[in-house]
>>> print(open('protein03.cif').read())   # mmCIF, C-alpha atoms
data_upload
loop_
_atom_site.label_atom_id
_atom_site.label_comp_id
_atom_site.auth_asym_id
_atom_site.auth_seq_id
_atom_site.Cartn_x
_atom_site.Cartn_y
_atom_site.Cartn_z
CA MET A 1 115.92 232.86 128.20
CA ASN A 2 116.03 231.58 131.77
CA PHE A 3 112.25 231.08 131.62
CA ALA A 4 112.54 228.93 128.48
CA LEU A 5 115.23 226.68 130.00
CA ASN A 6 113.24 226.32 133.22
CA PHE A 7 110.11 225.40 131.21
CA GLN A 8 112.02 222.81 129.15
CA TYR A 9 113.52 221.29 132.30
CA ARG A 10 110.09 220.99 133.97
CA LEU A 11 108.55 219.55 130.83
CA LYS A 12 111.36 217.01 130.53
CA THR A 13 111.01 215.89 134.18
CA LEU A 14 107.22 215.58 133.82
CA VAL A 15 107.61 213.41 130.72
CA GLU A 16 110.25 211.26 132.42
CA LYS A 17 108.05 210.74 135.49
CA LYS A 18 105.08 209.82 133.29
CA ASN A 19 107.20 207.34 131.29
CA GLN A 20 108.60 205.84 134.48
CA LYS A 21 105.08 205.28 135.85
CA LEU A 22 104.00 203.64 132.61
CA GLN A 23 107.08 201.45 132.49
CA ASN A 24 106.65 200.34 136.10
CA THR A 25 103.04 199.35 135.52
CA TYR A 26 103.68 197.47 132.25
CA SER A 27 107.04 195.84 132.91
CA ILE A 28 107.54 192.22 133.92
CA PHE A 29 110.19 193.03 136.50
CA PRO A 30 110.36 196.27 138.50
CA LYS A 31 113.88 197.11 137.27
CA THR A 32 113.06 196.55 133.59
CA GLN A 33 112.94 199.76 131.59
CA GLN A 34 110.79 198.48 128.68
CA PRO A 35 107.10 197.61 128.54
CA ILE A 36 106.10 193.95 128.09
CA LYS A 37 105.16 194.35 124.42
CA LEU A 38 108.61 195.61 123.52
CA ILE A 39 110.33 192.82 125.45
CA LEU A 40 108.32 190.08 123.71
CA VAL A 41 108.83 191.53 120.25
CA LYS A 42 112.56 191.94 120.69
CA THR A 43 113.14 188.38 122.00
CA PHE A 44 111.95 186.55 118.85
CA ARG A 45 114.37 186.31 115.94
CA PRO A 46 113.67 184.88 112.46
CA PHE A 47 115.21 181.53 113.43
CA ASP A 48 112.78 181.31 116.37
CA TYR A 49 109.79 181.56 114.04
CA ILE A 50 111.24 178.83 111.79
CA LEU A 51 111.81 176.60 114.82
CA ILE A 52 108.25 177.14 116.10
CA PHE A 53 106.84 176.34 112.65
CA LEU A 54 108.89 173.11 112.44
CA ILE A 55 107.78 171.99 115.89
CA LEU A 56 104.12 172.60 115.00
CA ALA A 57 104.48 170.77 111.67
CA VAL A 58 106.09 167.73 113.30
CA SER A 59 103.45 167.60 116.05
CA VAL A 60 100.61 167.77 113.51
CA PHE A 61 102.24 164.97 111.50
CA LEU A 62 102.66 162.76 114.56
CA MET A 63 99.10 163.36 115.76
CA ARG A 64 97.70 162.56 112.31
CA ASN A 65 99.55 159.24 112.27
CA SER A 66 98.54 158.32 115.81
CA PHE A 67 94.82 158.81 115.09
CA SER A 68 94.82 156.72 111.92
CA LYS A 69 92.85 153.49 112.09
CA LYS A 70 95.15 150.56 112.77
CA ASN A 71 94.21 146.94 112.53
CA GLN A 72 92.93 146.04 115.98
CA ILE A 73 92.51 142.54 117.35
CA VAL A 74 90.12 141.31 120.04
CA HIS A 75 91.80 138.90 122.46
CA ILE A 76 89.39 136.65 124.36
CA GLN A 77 91.18 134.71 127.07
CA THR A 78 89.46 131.80 128.79
CA GLN A 79 90.71 129.38 131.40
CA ASN A 80 92.30 127.09 128.78
CA GLU A 81 92.52 128.98 125.48
CA VAL A 82 93.08 132.39 123.85
CA TYR A 83 90.97 133.45 120.86
CA GLU A 84 91.83 136.29 118.48
CA TYR A 85 89.29 138.02 116.24
CA SER A 86 89.53 141.05 113.97
CA LEU A 87 87.72 144.16 115.16
CA ASP A 88 86.91 145.08 111.54
CA LYS A 89 84.46 142.19 111.07
CA ASP A 90 81.07 142.51 112.82
CA ALA A 91 80.13 139.15 114.35
CA VAL A 92 78.84 137.31 117.42
CA TYR A 93 81.05 134.64 119.01
CA LYS A 94 80.35 132.10 121.75
CA VAL A 95 83.15 131.22 124.13
CA GLN A 96 83.12 128.32 126.61
CA GLY A 97 83.95 129.11 130.24
CA PRO A 98 83.72 127.03 133.47
CA LEU A 99 80.07 128.10 134.05
CA GLY A 100 78.92 127.81 130.43
CA TRP A 101 78.83 129.74 127.17
CA THR A 102 79.47 133.51 127.04
CA GLU A 103 78.31 135.45 124.00
CA VAL A 104 80.67 138.19 122.71
CA GLN A 105 79.50 140.74 120.12
CA ILE A 106 81.82 142.75 117.85
CA GLU A 107 80.12 145.68 116.10
CA ASN A 108 81.35 149.04 114.71
CA ARG A 109 84.93 148.38 115.89
CA LYS A 110 83.70 147.89 119.49
CA VAL A 111 83.24 144.79 121.63
CA ARG A 112 80.89 143.77 124.45
CA ILE A 113 79.45 140.73 126.22
CA THR A 114 75.77 140.24 125.40
CA ASP A 115 75.04 137.05 127.37
CA SER A 116 76.80 135.23 130.18
CA PRO A 117 75.87 132.47 132.66
CA CYS A 118 77.42 134.33 135.60
CA PRO A 119 75.01 135.20 138.46
CA ASN A 120 75.64 138.96 138.83
CA LYS A 121 75.94 139.90 135.08
CA THR A 122 78.46 142.68 135.79
CA CYS A 123 80.32 141.91 132.56
CA ILE A 124 77.14 142.57 130.54
CA SER A 125 76.54 145.90 132.28
CA LYS A 126 80.09 147.07 131.36
CA GLY A 127 78.82 147.64 127.82
CA TRP A 128 81.24 148.69 125.08
CA SER A 129 84.40 149.05 127.14
CA ASN A 130 87.93 147.74 127.28
CA PRO A 131 88.92 145.50 129.02
CA ILE A 132 85.89 143.42 129.89
CA VAL A 133 86.27 140.80 132.60
CA CYS A 134 83.80 138.10 133.62
CA LEU A 135 85.30 136.73 136.83
CA PRO A 136 82.80 133.93 137.58
CA ASN A 137 83.13 132.52 134.05
CA GLN A 138 86.87 133.37 133.90
CA ILE A 139 86.83 135.26 130.60
CA ILE A 140 88.95 138.33 129.83
CA ILE A 141 88.43 140.43 126.67
CA THR A 142 91.04 143.00 125.60
CA LEU A 143 91.74 145.06 122.48
CA ASP A 144 95.24 145.24 121.05
CA GLU A 145 96.69 146.75 117.91
CA GLU A 146 98.40 144.43 115.50
CA GLY A 147 102.15 144.81 115.78
CA ASP A 148 101.75 146.83 118.98
CA PHE A 149 105.03 148.24 120.34
CA ASP A 150 105.74 150.08 123.51
CA ALA A 151 106.79 153.73 123.48
CA VAL A 152 110.51 152.94 123.65
CA ALA A 153 110.46 150.49 120.72
CA GLU A 154 108.66 152.91 118.41
#
>>> encode(input="protein03.cif", output="structure tokens")
Amino acid sequence: MNFALNFQYRLKTLVEKKNQKLQNTYSIFPKTQQPIKLILVKTFRPFDYILIFLILAVSVFLMRNSFSKKNQIVHIQTQNEVYEYSLDKDAVYKVQGPLGWTEVQIENRKVRITDSPCPNKTCISKGWSNPIVCLPNQIIITLDEEGDFDAVAE
């Protein structure tokens, strides 16, 4: 009888030591008695899953609306005037600057300068970018959305 109790006691201590080693290696904090998997599973409640789903649904909705095509306008500012053209219509426009005529091309909802009388032609080498500035001929081209608001107003 004494042998059986001694064997059970030794077996129990061996199992406890083994569990303690496993818990120490898999726990987040040294004093925690549960492995990581058990801690993560026990922290989520049904309401948490509903909240996570709602946050994901709202974020997908907002991202879908932000990537939709809005009516964009090309603003071409010269020394004396400001011109506005739709980005939806492919066309070539000529704008007068102090040095001469600058040719602006709108194609595939993008804008670029194709010809300019400026000496260094940096504005032509910018390609399809936003904004485009031709300093010698004093022309600035920017893209804006129609009815554009700042983040606070939206």
>>> resolve_selection(input="protein03.cif", expression="the PyMOL selection byres ((chain A and resi 117) around 12)", output="mmCIF file with C-alpha atoms, in the coordinates of the input")
data_model
loop_
_atom_site.group_PDB
_atom_site.id
_atom_site.type_symbol
_atom_site.label_atom_id
_atom_site.label_comp_id
_atom_site.auth_asym_id
_atom_site.auth_seq_id
_atom_site.Cartn_x
_atom_site.Cartn_y
_atom_site.Cartn_z
ATOM 1 C CA LYS A 94 80.350 132.100 121.750
ATOM 2 C CA VAL A 95 83.150 131.220 124.130
ATOM 3 C CA GLN A 96 83.120 128.320 126.610
ATOM 4 C CA GLY A 97 83.950 129.110 130.240
ATOM 5 C CA PRO A 98 83.720 127.030 133.470
ATOM 6 C CA LEU A 99 80.070 128.100 134.050
ATOM 7 C CA GLY A 100 78.920 127.810 130.430
ATOM 8 C CA TRP A 101 78.830 129.740 127.170
ATOM 9 C CA THR A 102 79.470 133.510 127.040
ATOM 10 C CA GLU A 103 78.310 135.450 124.000
ATOM 11 C CA ILE A 113 79.450 140.730 126.220
ATOM 12 C CA THR A 114 75.770 140.240 125.400
ATOM 13 C CA ASP A 115 75.040 137.050 127.370
ATOM 14 C CA SER A 116 76.800 135.230 130.180
ATOM 15 C CA CYS A 118 77.420 134.330 135.600
ATOM 16 C CA PRO A 119 75.010 135.200 138.460
ATOM 17 C CA ASN A 120 75.640 138.960 138.830
ATOM 18 C CA LYS A 121 75.940 139.900 135.080
ATOM 19 C CA THR A 122 78.460 142.680 135.790
ATOM 20 C CA CYS A 123 80.320 141.910 132.560
ATOM 21 C CA ILE A 124 77.140 142.570 130.540
ATOM 22 C CA CYS A 134 83.800 138.100 133.620
ATOM 23 C CA LEU A 135 85.300 136.730 136.830
ATOM 24 C CA PRO A 136 82.800 133.930 137.580
ATOM 25 C CA ASN A 137 83.130 132.520 134.050
ATOM 26 C CA GLN A 138 86.870 133.370 133.900
ATOM 27 C CA ILE A 139 86.830 135.260 130.600
#
>>> atom_distance(input="protein03.cif", atom1="atom CA of Arg64 of chain A", atom2="atom CA of Pro46 of chain A")
27.4 Å
>>> atom_distance(input="protein03.cif", atom1="atom CA of Ile140 of chain A", atom2="atom CA of Trp128 of chain A")
13.8 Å
>>> residues_around(input="protein03.cif", residues="Ala91 of chain A", least_positions_apart="2", cutoff="8 Å", atoms="only C-alpha atoms", output="ChimeraX atom specification")
/A:89,93,105-107
>>> atom_distance(input="protein03.cif", atom1="atom CA of Ile141 of chain A", atom2="atom CA of Leu62 of chain A")
29.1 Å
